[in-house]
$ cat my_file39.txt   # compact mmCIF, C-alpha atoms and all ligand atoms
# COMPACT_ATOMS: atom_id res chain seq x y z
CA MET A 135 81.39 65.71 140.68
CA GLU A 136 83.56 64.70 137.80
CA ASN A 137 81.72 63.56 134.70
CA ILE A 138 78.31 64.43 136.09
CA PHE A 139 77.14 67.83 134.96
CA PHE A 140 74.15 69.49 136.61
CA CYS A 141 73.21 71.85 133.86
CA SER A 142 69.63 72.96 134.32
CA ALA A 143 70.88 76.49 133.51
CA ASN A 144 72.07 75.57 130.03
CA ILE A 145 72.56 72.00 128.93
CA ARG A 146 73.29 73.07 125.36
CA SER A 147 76.43 75.03 126.28
CA SER A 148 77.63 72.43 128.80
CA LEU A 149 77.36 69.67 126.22
CA LYS A 150 78.85 71.79 123.45
CA GLU A 151 81.82 72.68 125.62
CA TRP A 152 82.37 69.05 126.58
CA LEU A 153 82.15 67.79 123.00
CA LEU A 154 84.67 70.37 121.83
CA LYS A 155 87.24 68.77 124.11
CA GLN A 156 86.62 65.32 122.60
CA ASN A 157 87.42 63.99 119.22
CA TYR A 158 84.62 61.73 118.04
CA SER A 159 84.38 60.48 114.48
CA ASN A 160 80.58 60.23 114.52
CA ILE A 161 77.71 60.89 116.86
CA PHE A 162 74.64 58.68 117.19
CA ILE A 163 71.72 60.09 119.16
CA LEU A 164 69.30 57.50 120.51
CA CYS A 165 65.89 58.78 121.52
CA ASP A 166 62.34 57.50 121.76
CA GLU A 167 59.14 58.93 120.33
CA ASN A 168 58.60 61.19 123.34
CA THR A 169 62.12 62.42 123.86
CA SER A 170 62.41 63.16 120.14
CA LYS A 171 59.31 65.30 120.50
CA TYR A 172 60.05 67.02 123.81
CA CYS A 173 63.81 66.92 124.40
CA LEU A 174 65.70 66.60 121.13
CA ALA A 175 65.43 70.30 120.27
CA LYS A 176 68.02 71.01 122.98
CA LEU A 177 70.53 69.11 120.85
CA GLU A 178 69.64 71.01 117.68
CA PHE A 179 73.23 72.20 117.34
CA LEU A 180 74.15 68.56 116.58
CA TYR A 181 71.53 67.95 113.88
CA ASN A 182 73.94 68.30 110.96
CA LYS A 183 76.66 66.19 112.66
CA ALA A 184 74.70 63.42 114.29
CA PHE A 185 72.71 60.42 113.14
CA ILE A 186 69.42 60.45 115.00
CA TYR A 187 67.72 57.14 115.72
CA LYS A 188 64.26 57.00 117.23
CA ILE A 189 62.65 53.93 118.79
CA PRO A 190 59.11 53.49 120.13
CA SER A 191 58.83 54.36 123.80
CA GLY A 192 58.30 51.93 126.63
CA GLU A 193 59.84 49.08 128.58
CA ALA A 194 58.58 46.57 126.01
CA TYR A 195 61.29 47.85 123.63
CA LYS A 196 64.19 47.34 126.05
CA ASN A 197 64.90 44.04 124.37
CA ILE A 198 67.28 42.21 122.09
CA GLU A 199 65.28 43.03 118.93
CA THR A 200 65.64 46.77 119.48
CA ALA A 201 69.30 46.32 120.40
CA GLN A 202 69.78 44.49 117.13
CA GLN A 203 68.15 47.34 115.20
CA ILE A 204 70.47 49.83 116.88
CA TRP A 205 73.58 47.74 116.11
CA SER A 206 72.32 47.43 112.52
CA ALA A 207 71.85 51.18 112.20
CA MET A 208 75.36 51.81 113.54
CA THR A 209 76.77 49.26 111.15
CA ALA A 210 74.88 50.73 108.20
CA GLN A 211 76.21 54.16 109.16
CA ARG A 212 79.72 52.65 109.26
CA PHE A 213 80.32 53.84 112.78
CA ASP A 214 83.83 53.03 113.95
CA ARG A 215 85.17 52.57 117.47
CA ASN A 216 85.73 56.27 117.81
CA ALA A 217 82.02 57.05 117.58
CA LEU A 218 79.91 58.42 120.41
CA LEU A 219 76.41 57.31 121.36
CA ILE A 220 74.24 59.90 123.12
CA ASN A 221 71.33 58.43 125.04
CA LEU A 222 68.56 60.99 125.28
CA GLY A 223 65.73 59.57 127.31
CA GLY A 224 64.54 57.77 130.38
CA GLY A 225 65.87 54.60 131.94
CA VAL A 226 64.89 52.51 128.94
CA ILE A 227 67.01 54.54 126.55
CA CYS A 228 69.90 54.85 129.05
CA ASP A 229 69.95 51.09 129.77
CA LEU A 230 69.42 49.94 126.19
CA GLY A 231 71.67 52.53 124.55
CA GLY A 232 74.40 51.97 127.11
CA PHE A 233 74.24 48.23 126.44
CA CYS A 234 74.42 48.71 122.66
CA ALA A 235 77.35 51.12 122.97
CA ALA A 236 79.23 48.87 125.36
CA THR A 237 78.98 45.91 123.01
CA TYR A 238 79.26 47.52 119.56
CA LYS A 239 82.75 46.73 118.26
CA ARG A 240 83.65 45.72 121.85
CA GLY A 241 82.62 49.11 123.14
CA ILE A 242 82.29 52.70 122.04
CA ASP A 243 81.88 55.75 124.28
CA PHE A 244 78.43 56.84 125.36
CA ILE A 245 76.94 59.64 127.39
CA GLN A 246 73.67 59.75 129.27
CA ILE A 247 71.23 62.63 129.04
CA PRO A 248 68.49 61.37 131.36
CA THR A 249 65.12 63.00 130.75
CA THR A 250 62.93 61.31 133.38
CA LEU A 251 63.24 61.79 137.11
CA LEU A 252 63.90 58.09 137.53
CA ALA A 253 66.75 58.16 135.04
CA GLN A 254 68.21 61.34 136.55
CA VAL A 255 68.40 60.01 140.09
CA ASP A 256 68.96 56.37 139.36
CA ALA A 257 69.15 54.68 135.96
CA SER A 258 71.76 56.96 134.39
CA ILE A 259 74.06 56.78 137.43
CA GLY A 260 76.10 53.77 138.41
CA GLY A 261 77.06 52.07 135.18
CA LYS A 262 74.51 49.28 134.99
CA VAL A 263 73.26 48.81 131.45
CA GLY A 264 71.23 46.03 129.92
CA ILE A 265 68.05 44.67 128.44
CA ASP A 266 65.12 42.54 129.55
CA PHE A 267 65.03 38.93 128.33
CA GLU A 268 62.41 36.18 128.36
CA GLY A 269 60.25 38.07 130.83
CA TYR A 270 63.08 38.83 133.25
CA LYS A 271 64.10 42.40 133.91
CA ASN A 272 67.68 43.35 133.07
CA GLN A 273 68.53 39.69 132.53
CA ILE A 274 71.29 40.48 130.03
CA GLY A 275 73.66 43.32 130.72
CA ILE A 276 77.00 44.57 131.95
CA PHE A 277 78.63 47.10 134.24
CA THR A 278 80.18 49.96 132.32
CA HIS A 279 80.41 53.69 132.85
CA PRO A 280 79.28 56.40 130.45
CA LYS A 281 81.87 59.05 129.63
CA ALA A 282 79.62 61.72 131.11
CA ILE A 283 76.11 62.39 132.37
CA PHE A 284 74.30 65.65 131.72
CA ILE A 285 71.38 66.35 134.03
CA ASP A 286 68.83 69.05 133.31
CA THR A 287 65.72 69.02 135.52
CA LYS A 288 63.94 71.24 132.98
CA PHE A 289 63.33 68.07 130.97
CA LEU A 290 60.95 67.07 133.75
CA GLN A 291 58.50 69.79 132.74
CA THR A 292 57.07 67.70 129.92
CA LEU A 293 57.13 64.41 131.80
CA PRO A 294 53.70 62.87 132.51
CA GLU A 295 52.82 63.24 136.19
CA ARG A 296 52.66 59.49 136.71
CA GLU A 297 56.26 59.15 135.49
CA LEU A 298 57.44 61.98 137.70
CA ARG A 299 55.86 60.41 140.74
CA ALA A 300 57.37 57.03 139.89
CA GLY A 301 60.84 58.57 139.81
CA PHE A 302 60.18 60.08 143.20
CA ALA A 303 60.05 56.53 144.60
CA GLU A 304 63.82 56.22 144.07
CA ILE A 305 64.37 59.48 145.93
CA ILE A 306 62.26 58.12 148.80
CA LYS A 307 64.43 55.00 148.73
CA HIS A 308 67.66 56.98 148.97
CA CYS A 309 66.28 58.85 151.99
CA LEU A 310 65.01 55.73 153.75
CA ILE A 311 68.32 53.90 153.47
CA ALA A 312 70.63 56.83 154.09
CA ASP A 313 69.14 60.12 155.18
CA LYS A 314 66.50 60.39 157.85
CA GLU A 315 66.73 64.19 157.86
CA ILE A 316 65.74 64.52 154.22
CA TRP A 317 63.10 61.81 154.70
CA ASN A 318 61.60 63.99 157.43
CA GLU A 319 61.52 66.91 155.00
CA ILE A 320 60.15 65.19 151.92
CA SER A 321 57.55 63.25 153.86
CA THR A 322 55.82 66.46 154.91
CA LEU A 323 55.19 67.31 151.27
CA SER A 324 53.33 65.65 148.46
CA TRP A 325 55.32 64.29 145.49
CA ASN A 326 54.30 67.24 143.31
CA GLU A 327 55.49 69.85 145.81
CA GLN A 328 59.12 68.73 145.96
CA ASP A 329 62.17 70.78 144.96
CA TRP A 330 63.62 68.66 142.16
CA ASP A 331 66.89 70.52 141.68
CA THR A 332 67.87 69.96 145.31
CA LEU A 333 66.59 66.39 145.54
CA VAL A 334 68.07 65.22 142.24
CA GLU A 335 71.51 66.51 143.19
CA HIS A 336 71.24 64.96 146.65
CA SER A 337 70.24 61.57 145.25
CA VAL A 338 72.89 61.60 142.54
CA ARG A 339 75.64 62.46 145.04
CA TYR A 340 74.56 59.68 147.34
CA LYS A 341 74.31 57.07 144.59
CA LYS A 342 77.66 58.12 143.14
CA ILE A 343 79.46 57.75 146.48
CA ILE A 344 78.01 54.26 146.95
CA VAL A 345 78.86 53.16 143.42
CA GLU A 346 82.41 54.45 143.69
CA LYS A 347 82.94 52.38 146.81
CA ASP A 348 81.45 49.21 145.33
CA PHE A 349 81.02 49.29 141.55
CA GLN A 350 80.33 45.57 141.09
CA GLU A 351 77.72 45.40 143.84
CA LYS A 352 79.65 43.07 146.11
CA ASN A 353 78.62 44.81 149.33
CA ILE A 354 77.35 48.32 150.13
CA ARG A 355 75.91 48.97 146.67
CA LYS A 356 73.33 46.37 147.63
CA LEU A 357 71.85 49.04 149.90
CA LEU A 358 70.34 50.55 146.77
CA ASN A 359 68.29 47.39 146.31
CA PHE A 360 65.94 48.30 149.12
CA GLY A 361 62.40 47.78 147.83
CA HIS A 362 63.74 46.14 144.70
CA THR A 363 63.61 42.40 145.44
CA ILE A 364 59.86 42.59 145.76
CA GLY A 365 59.68 45.63 143.47
CA HIS A 366 61.35 43.88 140.54
CA ALA A 367 59.21 40.78 140.98
CA LEU A 368 56.06 42.93 141.00
CA GLU A 369 57.28 44.87 137.97
CA SER A 370 58.07 41.72 136.00
CA TYR A 371 54.75 40.17 136.92
CA PHE A 372 52.65 43.20 136.02
CA LEU A 373 54.60 43.69 132.78
CA GLU A 374 52.68 40.66 131.51
CA GLN A 375 49.32 41.92 132.80
CA LYS A 376 46.75 44.33 131.39
CA THR A 377 47.80 47.06 133.82
CA PRO A 378 51.60 47.21 134.02
CA LEU A 379 53.20 49.01 136.96
CA LEU A 380 55.93 51.54 136.37
CA HIS A 381 59.31 50.62 137.84
CA GLY A 382 59.03 53.31 140.50
CA GLU A 383 55.51 52.28 141.43
CA ALA A 384 56.61 48.67 141.84
CA VAL A 385 59.52 49.84 144.00
CA ALA A 386 57.16 51.97 146.10
CA TRP A 387 55.07 48.88 146.97
CA GLY A 388 58.27 46.86 147.29
CA MET A 389 59.52 49.28 149.95
CA VAL A 390 56.31 48.92 151.94
CA ALA A 391 56.36 45.12 151.72
CA GLU A 392 60.05 44.91 152.63
CA SER A 393 59.50 47.29 155.56
CA PHE A 394 56.83 44.86 156.74
CA ILE A 395 59.42 42.07 156.63
CA ALA A 396 61.80 44.28 158.64
CA VAL A 397 59.16 44.59 161.36
CA GLN A 398 58.54 40.83 161.35
CA LYS A 399 62.25 40.29 161.82
CA GLY A 400 62.43 42.82 164.64
CA PHE A 401 64.69 45.28 162.76
CA ILE A 402 62.32 48.26 162.84
CA GLU A 403 59.32 49.20 164.96
CA LYS A 404 55.73 48.90 163.84
CA GLU A 405 55.50 52.71 164.12
CA ASP A 406 58.33 53.04 161.57
CA LEU A 407 56.43 50.82 159.16
CA GLU A 408 53.29 52.89 159.66
CA GLU A 409 55.20 56.11 159.01
CA ILE A 410 56.63 54.65 155.79
CA GLN A 411 53.46 53.01 154.54
CA ASP A 412 51.23 55.99 155.33
CA TYR A 413 53.40 58.29 153.26
CA ILE A 414 54.09 55.91 150.38
CA ALA A 415 50.55 54.56 150.16
CA GLY A 416 49.25 58.13 150.28
CA GLN A 417 51.46 59.18 147.38
CA PHE A 418 50.91 56.06 145.28
CA ARG A 419 47.25 55.52 146.15
CA ASP A 420 46.06 55.32 142.55
CA SER A 421 48.52 52.61 141.57
CA LYS A 422 47.46 50.37 144.43
CA ILE A 423 47.58 46.69 143.64
CA PHE A 424 45.55 43.76 144.88
CA LEU A 425 47.18 40.34 144.81
CA SER A 426 45.30 37.06 144.56
CA ASP A 427 46.78 33.77 145.82
CA ARG A 428 47.81 33.01 142.25
CA ASP A 429 49.49 36.40 141.85
CA VAL A 430 51.44 35.91 145.07
CA GLU A 431 52.62 32.48 143.96
CA ALA A 432 53.79 33.79 140.58
CA ILE A 433 55.49 36.83 142.12
CA THR A 434 57.29 34.56 144.60
CA GLN A 435 58.61 32.46 141.72
CA LEU A 436 59.92 35.63 140.08
CA ALA A 437 61.57 36.78 143.31
CA LEU A 438 63.34 33.41 143.51
CA GLN A 439 64.99 34.27 140.17
CA ASP A 440 66.33 37.56 141.48
CA LYS A 441 69.95 38.29 140.62
CA LYS A 442 70.57 39.36 144.21
CA ASN A 443 69.84 35.90 145.64
CA GLN A 444 72.56 33.62 146.88
CA GLU A 445 72.51 29.82 146.82
CA GLY A 446 68.86 29.83 145.81
CA GLU A 447 67.90 31.83 148.88
CA ILE A 448 66.14 35.19 148.62
CA ARG A 449 68.34 38.00 149.93
CA CYS A 450 66.87 41.42 150.63
CA THR A 451 68.13 44.80 151.65
CA LEU A 452 65.96 45.85 154.56
CA LEU A 453 65.90 48.82 156.92
CA SER A 454 67.49 48.58 160.35
CA GLU A 455 65.96 51.97 161.12
CA ILE A 456 64.57 54.84 159.07
CA GLY A 457 67.64 56.31 157.39
CA ARG A 458 69.73 53.13 157.53
CA GLY A 459 69.73 49.97 155.42
CA ILE A 460 71.04 46.49 156.06
CA ILE A 461 72.12 44.21 153.21
CA ASP A 462 71.96 40.48 152.44
CA VAL A 463 69.18 39.53 154.82
CA PRO A 464 67.90 36.02 154.02
CA VAL A 465 64.15 36.04 153.57
CA ALA A 466 62.11 32.84 153.59
CA GLU A 467 59.44 32.23 150.99
CA TYR A 468 56.68 32.40 153.58
CA GLU A 469 57.97 35.78 154.83
CA LEU A 470 57.91 37.13 151.31
CA GLN A 471 54.39 35.85 150.77
CA GLU A 472 53.13 37.34 154.03
CA ALA A 473 54.60 40.67 152.99
CA LEU A 474 52.87 40.48 149.60
CA PHE A 475 49.52 39.68 151.24
CA TYR A 476 50.12 42.54 153.65
CA LEU A 477 49.91 44.95 150.71
CA ASN A 478 46.26 43.91 150.28
CA GLU A 479 45.51 45.02 153.82
CA LEU A 480 46.69 48.61 153.37
CA ASN A 481 43.78 50.82 154.16
CA ILE A 482 43.92 53.52 151.50
N1 LIG B 1 70.56 51.00 135.15
C1 LIG B 1 70.08 51.23 136.33
O1 LIG B 1 70.80 51.32 137.32
C2 LIG B 1 68.59 51.41 136.48
C3 LIG B 1 68.08 51.89 137.67
C4 LIG B 1 66.72 52.09 137.76
C5 LIG B 1 65.89 51.80 136.68
N2 LIG B 1 66.42 51.33 135.55
C6 LIG B 1 65.57 51.02 134.39
O2 LIG B 1 64.96 52.22 133.95
C7 LIG B 1 63.77 51.89 133.25
C8 LIG B 1 62.67 52.82 133.65
O3 LIG B 1 63.06 54.14 133.37
P1 LIG B 1 62.01 55.30 133.13
O4 LIG B 1 61.01 55.28 134.20
O5 LIG B 1 62.78 56.53 132.88
O6 LIG B 1 61.21 54.79 131.82
P2 LIG B 1 61.20 55.23 130.29
O7 LIG B 1 62.53 55.39 129.73
O8 LIG B 1 60.29 54.27 129.63
O9 LIG B 1 60.49 56.66 130.32
C9 LIG B 1 59.17 56.78 130.77
C10 LIG B 1 58.27 57.46 129.74
O10 LIG B 1 58.55 58.85 129.71
C11 LIG B 1 58.79 59.27 128.37
N3 LIG B 1 59.70 60.41 128.49
C12 LIG B 1 61.01 60.38 128.80
N4 LIG B 1 61.46 61.63 129.00
C13 LIG B 1 60.42 62.46 128.79
C14 LIG B 1 60.26 63.87 128.86
N5 LIG B 1 61.25 64.67 129.26
N6 LIG B 1 59.05 64.39 128.57
C15 LIG B 1 58.00 63.58 128.24
N7 LIG B 1 58.09 62.26 128.16
C16 LIG B 1 59.29 61.69 128.45
C17 LIG B 1 59.33 58.05 127.69
O11 LIG B 1 59.13 58.12 126.30
C18 LIG B 1 58.46 56.96 128.32
O12 LIG B 1 57.21 56.92 127.69
C19 LIG B 1 63.48 50.44 133.56
O13 LIG B 1 63.80 49.69 132.43
C20 LIG B 1 64.43 50.11 134.69
O14 LIG B 1 64.84 48.77 134.69
C21 LIG B 1 67.75 51.12 135.42
ZN ZN B 2 65.02 51.26 140.86

$ encode --input "my_file39.txt" --output "structure tokens"
Amino acid sequence: MENIFFCSANIRSSLKEWLLKQNYSNIFILCDENTSKYCLAKLEFLYNKAFIYKIPSGEAYKNIETAQQIWSAMTAQRFDRNALLINLGGGVICDLGGFCAATYKRGIDFIQIPTTLLAQVDASIGGKVGIDFEGYKNQIGIFTHPKAIFIDTKFLQTLPERELRAGFAEIIKHCLIADKEIWNEISTLSWNEQDWDTLVEHSVRYKKIIVEKDFQEKNIRKLLNFGHTIGHALESYFLEQKTPLLHGEAVAWGMVAESFIAVQKGFIEKEDLEEIQDYIAGQFRDSKIFLSDRDVEAITQLALQDKKNQEGEIRCTLLSEIGRGIIDVPVAEYELQEALFYLNELNI
């Protein structure tokens, strides 16, 4: 795949070789406190050439204040339009750094070096970059491609287990909307028994094909939103609570709730829902949520704000069968609320 390098064998030499063919005036490496500790050493060969900027880790920093600090640092370093920004981190760094690069002096080149499973199979691929704003996820952002993406699954070795499992949710999603065969394989194994090299490449290939066909998300790219209408609303809601959910965890519960809606609408069988919920709930047991009436009301309000809606109506990507998605399905508020309450009934 052009511009996506699977380089678990040696990311250092792949990156070095690529950079030699370019002609950048300056290099800015954006990392967070964890990726500077666990991942930055792989870019040691750039230490004397690059300006390294570290931000605190976490979703709470994917905001306009941090973006401003990054633009300020680039300005102070007198970076011109021929500079390169290297994003070394998870989805937060890839989204935030990509957004800063795309807007600094009307856009400088950037590359993604995703270091979480979620960023490797999802956030770094597809050209969506942005920041959260006023409590809404990815409220401000643009579509723009990085110059290249370097994927090394060895970075996953230092990733906390909870983060690894959350990234696995996006792999589950890709299988449920597009590949029943791989779903059948992964669903016989627990999340920590999976073969990441194979699954990451499979997911990346699938996402890349979809994005190439529909960059601006006018039609089939919406397939990738399975689990995300409810997932994003849950994520936004719990972001403000004492126990935030990781993006992947929210998507995992979103996929179960949206599969419930698919049964209610007669798209899939009850047995399909049970197959999906048994596996997902089993894997994500310890991030189970319980929603009160008030929670459901607030989450519904957030779902009504979803960027994927049309004419004020909630639109979801659902499953028409395991291994096949269906886009733009209108979902009534009461259907959404029933699905949220259904999560409380899961017997795990
Ligand atoms: N742009 C897109 O298409 C897209 C798609 C999906 C998700 N996202 C976004 O991605 C974000 C979530 O990404 P994430 O789950 O990667 O979160 P993240 O970037 O916050 O990383 C998770 C945690 O892992 C740490 N970390 C990263 N790499 C590590 C490593 N190799 N070893 C040890 N620790 C490491 C980070 O410091 C952080 O604490 C959300 O903001 C979401 O909106 C974007
Ligand atoms: Zn996602």

$ residues_near_ligand --input "my_file39.txt" --ligand "ligand ZN 2 (chain B)" --cutoff "7 Å" --atoms "all atoms listed in the file" --output "number ranges by chain"
A: 256, 304, 362, 381-382, 385

$ atom_distance --input "my_file39.txt" --atom1 "atom CA of A:Gln435" --atom2 "atom CA of A:Ile276"
24.1 Å

$ atom_distance --input "my_file39.txt" --atom1 "atom CA of A:Asn478" --atom2 "atom CA of A:Thr363"
18.1 Å

$ closest_residue --input "my_file39.txt" --among "A:Ile414, A:Leu407, A:Leu436, A:Ala175" --to "ligand LIG 1 (chain B)" --atoms "all atoms listed in the file"
A:Ala175

$ atom_distance --input "my_file39.txt" --atom1 "atom CA of A:Glu315" --atom2 "atom CA of A:Gln417"
19.2 Å

$ residues_around --input "my_file39.txt" --residues "A:Ser170" --least-positions-apart "3" --cutoff "10 Å" --atoms "only C-alpha atoms" --output "list in words"
Ile163, Leu164, Cys165, Asp166, Glu167, Cys173, Leu174, Ala175, Ile186, Tyr187, Lys188, Ile189, Leu222 and Gly223 of chain A

$ closest_atom_pairs --input "my_file39.txt" --of "chain A" --to "ligand LIG 1 (chain B)" --cutoff "6 Å" --atoms "all atoms listed in the file" --output "Markdown table"
| residue | atom | partner | partner_atom | distance |
| --- | --- | --- | --- | --- |
| A:Asp166 | CA | B:LIG1 | O11 | 5.6 |
| A:Asn168 | CA | B:LIG1 | O11 | 4.3 |
| A:Thr169 | CA | B:LIG1 | C13 | 5.2 |
| A:Tyr172 | CA | B:LIG1 | N6 | 5.5 |
| A:Cys173 | CA | B:LIG1 | N5 | 5.9 |
| A:Ser191 | CA | B:LIG1 | O11 | 4.5 |
| A:Gly192 | CA | B:LIG1 | O8 | 4.3 |
| A:Glu193 | CA | B:LIG1 | O8 | 5.3 |
| A:Gly223 | CA | B:LIG1 | C12 | 5.0 |
| A:Gly224 | CA | B:LIG1 | O7 | 3.2 |
| A:Gly225 | CA | B:LIG1 | O3 | 3.2 |
| A:Val226 | CA | B:LIG1 | O7 | 3.8 |
| A:Ile227 | CA | B:LIG1 | O7 | 5.6 |
| A:Asp229 | CA | B:LIG1 | N1 | 5.4 |
| A:Thr249 | CA | B:LIG1 | N4 | 4.3 |
| A:Thr250 | CA | B:LIG1 | N4 | 4.6 |
| A:Leu252 | CA | B:LIG1 | O5 | 5.0 |
| A:Ala253 | CA | B:LIG1 | O5 | 4.8 |
| A:Asp256 | CA | B:LIG1 | C3 | 4.9 |
| A:Ala257 | CA | B:LIG1 | C2 | 3.4 |
| A:Gly260 | CA | B:LIG1 | O1 | 5.9 |
| A:Lys262 | CA | B:LIG1 | N1 | 4.3 |
| A:Val263 | CA | B:LIG1 | N1 | 5.1 |
| A:Phe289 | CA | B:LIG1 | N5 | 4.3 |
| A:Leu290 | CA | B:LIG1 | N5 | 5.1 |
| A:Thr292 | CA | B:LIG1 | N6 | 4.1 |
| A:Leu293 | CA | B:LIG1 | C15 | 3.8 |
| A:His381 | CA | B:LIG1 | C8 | 5.8 |

$ residues_near_point --input "my_file39.txt" --point "(64.4, 72.4, 133.7)" --cutoff "10 Å" --atoms "only C-alpha atoms" --output "PyMOL selection string"
chain A and resi 141-145+249+285-292+330-331

$ residues_around --input "my_file39.txt" --residues "A:Lys314" --least-positions-apart "6" --cutoff "9 Å" --atoms "only C-alpha atoms" --output "PyMOL selection string"
chain A and resi 456-458

$ residues_near_point --input "my_file39.txt" --point "(53.1, 50.5, 149.5)" --cutoff "10 Å" --atoms "all atoms listed in the file" --output "NGL selection string"
:A and (361 or 383-394 or 410-419 or 421-423 or 476-478 or 480 or 482)

$ closest_residue --input "my_file39.txt" --among "A:Lys183, A:Pro248, A:Ile311, A:Arg299" --to "A:Asp420" --atoms "all atoms listed in the file"
A:Arg299

$ closest_residue --input "my_file39.txt" --among "A:Leu251, A:Ala201, A:Gln350, A:Ser258" --to "A:Gln328" --atoms "only C-alpha atoms"
A:Leu251

$ residues_around --input "my_file39.txt" --residues "A:Tyr340" --least-positions-apart "5" --cutoff "12 Å" --atoms "only C-alpha atoms" --output "mmCIF file with C-alpha atoms, keeping the file's coordinate frame"
data_model
loop_
_atom_site.group_PDB
_atom_site.id
_atom_site.type_symbol
_atom_site.label_atom_id
_atom_site.label_comp_id
_atom_site.auth_asym_id
_atom_site.auth_seq_id
_atom_site.Cartn_x
_atom_site.Cartn_y
_atom_site.Cartn_z
ATOM 1 C CA MET A 135 81.390 65.710 140.680
ATOM 2 C CA VAL A 255 68.400 60.010 140.090
ATOM 3 C CA ASP A 256 68.960 56.370 139.360
ATOM 4 C CA ILE A 259 74.060 56.780 137.430
ATOM 5 C CA GLY A 260 76.100 53.770 138.410
ATOM 6 C CA GLU A 304 63.820 56.220 144.070
ATOM 7 C CA ILE A 305 64.370 59.480 145.930
ATOM 8 C CA LYS A 307 64.430 55.000 148.730
ATOM 9 C CA HIS A 308 67.660 56.980 148.970
ATOM 10 C CA CYS A 309 66.280 58.850 151.990
ATOM 11 C CA ILE A 311 68.320 53.900 153.470
ATOM 12 C CA ALA A 312 70.630 56.830 154.090
ATOM 13 C CA ASP A 313 69.140 60.120 155.180
ATOM 14 C CA LEU A 333 66.590 66.390 145.540
ATOM 15 C CA VAL A 334 68.070 65.220 142.240
ATOM 16 C CA GLU A 335 71.510 66.510 143.190
ATOM 17 C CA VAL A 345 78.860 53.160 143.420
ATOM 18 C CA GLU A 346 82.410 54.450 143.690
ATOM 19 C CA LYS A 347 82.940 52.380 146.810
ATOM 20 C CA ARG A 355 75.910 48.970 146.670
ATOM 21 C CA LEU A 357 71.850 49.040 149.900
ATOM 22 C CA LEU A 358 70.340 50.550 146.770
#

$ closest_residue --input "my_file39.txt" --among "A:Asn481, A:Gln254, A:Asn326, A:Asn443" --to "A:Phe424" --atoms "only C-alpha atoms"
A:Asn481

$ closest_residue --input "my_file39.txt" --among "A:Leu380, A:Val430, A:Ala437, A:Cys450" --to "A:Leu298" --atoms "only C-alpha atoms"
A:Leu380

$ build_atoms --input "my_file39.txt" --residues "stretch 215-228 of chain A" --atoms "N, CA and C atoms" --output "PDB file, keeping the file's coordinate frame"
ATOM      1  N   ARG A 215      85.059  52.637 116.009  1.00  0.00           N
ATOM      2  CA  ARG A 215      85.170  52.570 117.470  1.00  0.00           C
ATOM      3  C   ARG A 215      85.344  53.926 118.128  1.00  0.00           C
ATOM      4  N   ASN A 216      85.537  54.931 117.283  1.00  0.00           N
ATOM      5  CA  ASN A 216      85.730  56.270 117.810  1.00  0.00           C
ATOM      6  C   ASN A 216      84.428  57.079 117.772  1.00  0.00           C
ATOM      7  N   ALA A 217      83.316  56.369 117.624  1.00  0.00           N
ATOM      8  CA  ALA A 217      82.020  57.050 117.580  1.00  0.00           C
ATOM      9  C   ALA A 217      81.480  57.241 118.992  1.00  0.00           C
ATOM     10  N   LEU A 218      80.542  58.158 119.116  1.00  0.00           N
ATOM     11  CA  LEU A 218      79.910  58.420 120.410  1.00  0.00           C
ATOM     12  C   LEU A 218      78.410  58.162 120.302  1.00  0.00           C
ATOM     13  N   LEU A 219      77.860  57.499 121.296  1.00  0.00           N
ATOM     14  CA  LEU A 219      76.410  57.310 121.360  1.00  0.00           C
ATOM     15  C   LEU A 219      75.863  58.214 122.468  1.00  0.00           C
ATOM     16  N   ILE A 220      74.885  59.038 122.115  1.00  0.00           N
ATOM     17  CA  ILE A 220      74.240  59.900 123.120  1.00  0.00           C
ATOM     18  C   ILE A 220      72.863  59.315 123.414  1.00  0.00           C
ATOM     19  N   ASN A 221      72.639  58.955 124.653  1.00  0.00           N
ATOM     20  CA  ASN A 221      71.330  58.430 125.040  1.00  0.00           C
ATOM     21  C   ASN A 221      70.483  59.558 125.589  1.00  0.00           C
ATOM     22  N   LEU A 222      69.431  59.901 124.870  1.00  0.00           N
ATOM     23  CA  LEU A 222      68.560  60.990 125.280  1.00  0.00           C
ATOM     24  C   LEU A 222      67.200  60.395 125.652  1.00  0.00           C
ATOM     25  N   GLY A 223      67.016  60.171 126.931  1.00  0.00           N
ATOM     26  CA  GLY A 223      65.730  59.570 127.310  1.00  0.00           C
ATOM     27  C   GLY A 223      65.704  59.107 128.750  1.00  0.00           C
ATOM     28  N   GLY A 224      64.698  58.312 129.037  1.00  0.00           N
ATOM     29  CA  GLY A 224      64.540  57.770 130.380  1.00  0.00           C
ATOM     30  C   GLY A 224      65.405  56.540 130.575  1.00  0.00           C
ATOM     31  N   GLY A 225      65.070  55.766 131.602  1.00  0.00           N
ATOM     32  CA  GLY A 225      65.870  54.600 131.940  1.00  0.00           C
ATOM     33  C   GLY A 225      65.942  53.569 130.825  1.00  0.00           C
ATOM     34  N   VAL A 226      64.876  53.480 130.032  1.00  0.00           N
ATOM     35  CA  VAL A 226      64.890  52.510 128.940  1.00  0.00           C
ATOM     36  C   VAL A 226      65.970  52.854 127.929  1.00  0.00           C
ATOM     37  N   ILE A 227      66.007  54.110 127.526  1.00  0.00           N
ATOM     38  CA  ILE A 227      67.010  54.540 126.550  1.00  0.00           C
ATOM     39  C   ILE A 227      68.419  54.454 127.148  1.00  0.00           C
ATOM     40  N   CYS A 228      68.564  54.875 128.413  1.00  0.00           N
ATOM     41  CA  CYS A 228      69.900  54.850 129.050  1.00  0.00           C
ATOM     42  C   CYS A 228      70.408  53.411 129.166  1.00  0.00           C
TER      43      CYS A 228
END
